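Data block below; observations after.
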Amino acid sequence: MVKGSSDYVKAVEGGLPPTQAIETKIYARRWLVLGIFVLYSASNSMQWIQYSIISNLIVQYYDVLNFSVEMTSMIYMITYIPFIFPASYFLDRFGLRYAALLGALGTCVGSWIKVVSVSPNKFWIGFAGHTVVAVSQTFILSVPARLAAVWFGPDQVSSACSIGVFGNQLGIAIGFLFPPMLVPDSKDNGVIGQGLQLMFYIVAICTSVILLLLILFFKDKPPLPPSPAQAVQRESEASESFFLSIKRLVTNSGYLLLLLSYAVNVGIFYAISTLLNNIVLTHFPGHTMDAGRIGLTIVCAGMLGSVVCGVILDKTHRFKETTLGVYVFSFLGMILFTFTLDVGSIVVVYVTAGLLGFFMTGYLPVGFEFAAELTYPEPEGTSAGLLNATVQIFGVAFTMLYGQLIDLWGDYYANIAQCVVLFVGIILTSIIPNDLRRQNAKF
């Protein structure tokens with residue numbers, strides 16, 4: 001047990017290493033908990049892009065505007081903003097298990113609501129179910145950093161966080177791949193309706209199975225902490241309020257700089273993903289399947305990037321340098337993607353989109369882990385929750401602005417504007433102080 005934890009926490013916040021002996025243990029069960037979380041996260045995120053990646057078919061079948069289909073993606077961002085604070089409080093107050101169960105239940109219920117929406121006049125029912133799923137993601141996106149810190153030792157925590165983020169990316173990849181495969185590109189609404197029904201049933205059954213796995217096997221935390229840093233954090237969380245933690249986060253200048261730069265990078269990724277179908281079909285008419293596969297390429301490359309970056313962080317502990325390096329390569333990837341869309345070869349677009357995805361999506365766990373370092377001993381779920389809340393605001397703004405720029409000037413100049421904003425993000429990242437508080441507390 002840790003004694004005098006208040007003074008201990010103050011010492012850590014001041015950059016001083018801990019000196020008290022703390023009993024710790026790493027449990028084998030951590031991999032089961034992480035694996036279930038990956039499936040759970042994927043079951044939610046695979047529905048984010050489910051409608052918009054086949055937007056032309058949804059518009060035809062339900063007779064709705066393109067904007068209505070785009071809203072099925074943006075509703076994930078819009079609902080996150082007001083719900084992240086109660087969700088973060090719930091996570092801190094009741095722990096990982098109950099937060100995960102609530103999110104999985106919402107994901108499952110929303111998925112089954114969509115099953116009954118397969119009729120040309122029932123788009124609003126599908127949208128309602130989709131909104132329930134979107135609200136449920138607030139109990140997911142903040143979890144990877146928290147789960148990694150609670151269950152994994154100091155030399156595995158970044159890799160575990162990257163695997164947790166991998167679940168979100170796996171789901172997005174499934175969302176890009178399977179809707180174009182399951183819902184045929186047909187002029188016959190009956191054929192489209194059958195495809196939608198099959199897709200919704202598959203998703204609903206999968207979310208039900210994952211909810212059962214969570215009920216049976218997902219645990220909140222191990223009996224003993226995996227590291228001295230986590231032991232101190234347990235003590236501080238027990239004695240301090242959620243709102244004081246929020247206050248300290250919003251007065252941490254390094255964290256605020258990361259907040260802005262992270263939101264720029266991920267917000268641009270959201271905008272590109274939402275409008276990818278329109279961009280690809282503009283340059284390659286009739287290639288609906290390729291739009292989904294290019295999205296899949298972006299996300300699969302990002303999954304690899306996430307794992308690689310997590311291993312690099314665990315091996316080197318160079319959080320700022322890795323964050324800045326990945327950001328620079330995201331900027332270069334965006335430039336390549338911009339200048340290769342109109343070369344006339346869809347193979348080239350696959351390659352450049354993959355490079356963009358490797359760095360831009362691979363940046364996600366890097367940002368989470370750098371935030372945890374800058375804000376220790378604040379709860380990782382709270383710092384990640386604020387990161388994601390800012391991302392959703394930027395994601396909605398960038399998606400709407402990106403769509404307007406494409407309509408006014410075309411995707412070339414719209415992408416140039418995205419490149420300029422990414423360059424601003426590089427500048428913001430470069431001036432973040434390299435204040436690694438959690439590293440100072442791990443020994």
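In the structure tokens, the first chain shown is A, the next is B, and so on; residue numbers restart at 1 for each chain, and ligands run from 1 in the order shown.
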
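Taking only C-alpha atoms, the non-local environment of A:Val307 within 8 Å (same-chain residues fewer than 4 positions away omitted) comprises Ser159, Ser162, Ile163, Phe166, Met303, Val311 and Gly362 of chain A.
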
According to DSSP computed on the backbone, where in stretch 331-372 of chain A is there alpha helix (DSSP H)? Give the residues as a PDB file with C-alpha atoms, in the first residue's frame.
ATOM      1  CA  PHE A 331       1.358  15.931 -43.545  1.00  0.00           C
ATOM      2  CA  LEU A 332       3.555  14.450 -46.299  1.00  0.00           C
ATOM      3  CA  GLY A 333       1.050  11.632 -46.824  1.00  0.00           C
ATOM      4  CA  MET A 334      -1.756  14.152 -47.254  1.00  0.00           C
ATOM      5  CA  ILE A 335       0.290  15.990 -49.908  1.00  0.00           C
ATOM      6  CA  LEU A 336       0.883  12.735 -51.806  1.00  0.00           C
ATOM      7  CA  PHE A 337      -2.808  11.813 -51.624  1.00  0.00           C
ATOM      8  CA  THR A 338      -3.795  15.271 -52.901  1.00  0.00           C
ATOM      9  CA  PHE A 339      -1.527  15.189 -55.953  1.00  0.00           C
ATOM     10  CA  THR A 340      -2.265  11.610 -57.030  1.00  0.00           C
ATOM     11  CA  ILE A 346      -6.703   3.898 -59.054  1.00  0.00           C
ATOM     12  CA  VAL A 347      -3.772   1.659 -58.039  1.00  0.00           C
ATOM     13  CA  VAL A 348      -1.735   4.784 -57.270  1.00  0.00           C
ATOM     14  CA  VAL A 349      -4.600   6.084 -55.114  1.00  0.00           C
ATOM     15  CA  TYR A 350      -4.587   2.809 -53.149  1.00  0.00           C
ATOM     16  CA  VAL A 351      -0.861   3.225 -52.465  1.00  0.00           C
ATOM     17  CA  THR A 352      -0.948   6.878 -51.434  1.00  0.00           C
ATOM     18  CA  ALA A 353      -4.086   6.350 -49.342  1.00  0.00           C
ATOM     19  CA  GLY A 354      -2.310   3.512 -47.531  1.00  0.00           C
ATOM     20  CA  LEU A 355       0.673   5.736 -46.750  1.00  0.00           C
ATOM     21  CA  LEU A 356      -1.669   8.453 -45.478  1.00  0.00           C
ATOM     22  CA  GLY A 357      -3.509   5.946 -43.290  1.00  0.00           C
ATOM     23  CA  PHE A 358      -0.320   4.429 -41.843  1.00  0.00           C
ATOM     24  CA  PHE A 359       0.697   7.718 -40.270  1.00  0.00           C
ATOM     25  CA  MET A 360      -2.582   9.608 -39.809  1.00  0.00           C
ATOM     26  CA  TYR A 363      -1.099   8.731 -34.728  1.00  0.00           C
ATOM     27  CA  LEU A 364      -4.137   7.909 -32.552  1.00  0.00           C
ATOM     28  CA  PRO A 365      -2.471   5.847 -29.775  1.00  0.00           C
ATOM     29  CA  VAL A 366       0.611   8.094 -29.858  1.00  0.00           C
ATOM     30  CA  GLY A 367      -1.566  11.083 -28.956  1.00  0.00           C
ATOM     31  CA  PHE A 368      -3.290   9.139 -26.155  1.00  0.00           C
ATOM     32  CA  GLU A 369       0.000   8.068 -24.618  1.00  0.00           C
ATOM     33  CA  PHE A 370       1.636  11.497 -24.882  1.00  0.00           C
ATOM     34  CA  ALA A 371      -1.433  12.974 -23.178  1.00  0.00           C
ATOM     35  CA  ALA A 372      -1.137  10.418 -20.363  1.00  0.00           C
TER      36      ALA A 372
END

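Residue nearest A:Gly425 within the list A:Ala384, A:Leu276, A:Met400, A:Leu257: A:Leu257 [criterion: smallest interatomic distance, only C-alpha atoms].
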
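The residue that comes closest to A:Met181, out of A:Asp290, A:Phe284, A:Leu147, A:Ile78 and on the basis of only C-alpha atoms, is A:Asp290.
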
Env of A:Ile246: 12 Å cut, atoms = only C-alpha atoms, seq-sep filter 4 positions within chain, self excluded. Answer as a PDB file with C-alpha atoms, in the first residue's frame.
ATOM      1  CA  PHE A  85     -18.297  14.431 -19.731  1.00  0.00           C
ATOM      2  CA  SER A  88     -15.903  10.122 -18.368  1.00  0.00           C
ATOM      3  CA  TYR A  89     -17.404  10.712 -14.922  1.00  0.00           C
ATOM      4  CA  ASP A  92     -13.951   7.268 -13.221  1.00  0.00           C
ATOM      5  CA  GLU A 240      -9.851  13.655  -5.505  1.00  0.00           C
ATOM      6  CA  SER A 241     -12.898  14.710  -7.485  1.00  0.00           C
ATOM      7  CA  PHE A 242     -13.525  14.363 -11.204  1.00  0.00           C
ATOM      8  CA  VAL A 250      -7.587  22.640 -18.805  1.00  0.00           C
ATOM      9  CA  THR A 251      -4.840  24.625 -17.076  1.00  0.00           C
ATOM     10  CA  ASN A 252      -2.041  22.339 -18.320  1.00  0.00           C
ATOM     11  CA  TYR A 255      -1.856  19.253 -22.734  1.00  0.00           C
ATOM     12  CA  LEU A 256      -3.864  22.087 -24.335  1.00  0.00           C
ATOM     13  CA  THR A 375      -1.169  14.869 -17.404  1.00  0.00           C
ATOM     14  CA  GLU A 378      -4.843  12.448 -13.771  1.00  0.00           C
ATOM     15  CA  PRO A 379      -7.009   9.493 -14.968  1.00  0.00           C
ATOM     16  CA  GLU A 380      -6.176   8.437 -18.521  1.00  0.00           C
ATOM     17  CA  GLY A 381      -9.873   8.129 -19.335  1.00  0.00           C
ATOM     18  CA  THR A 382     -10.440  11.796 -18.531  1.00  0.00           C
ATOM     19  CA  SER A 383      -7.483  13.120 -20.549  1.00  0.00           C
ATOM     20  CA  ALA A 384      -8.389  10.858 -23.493  1.00  0.00           C
ATOM     21  CA  GLY A 385     -12.051  11.876 -23.197  1.00  0.00           C
ATOM     22  CA  LEU A 386     -11.218  15.561 -23.551  1.00  0.00           C
ATOM     23  CA  LEU A 387      -8.957  14.763 -26.505  1.00  0.00           C
TER      24      LEU A 387
END
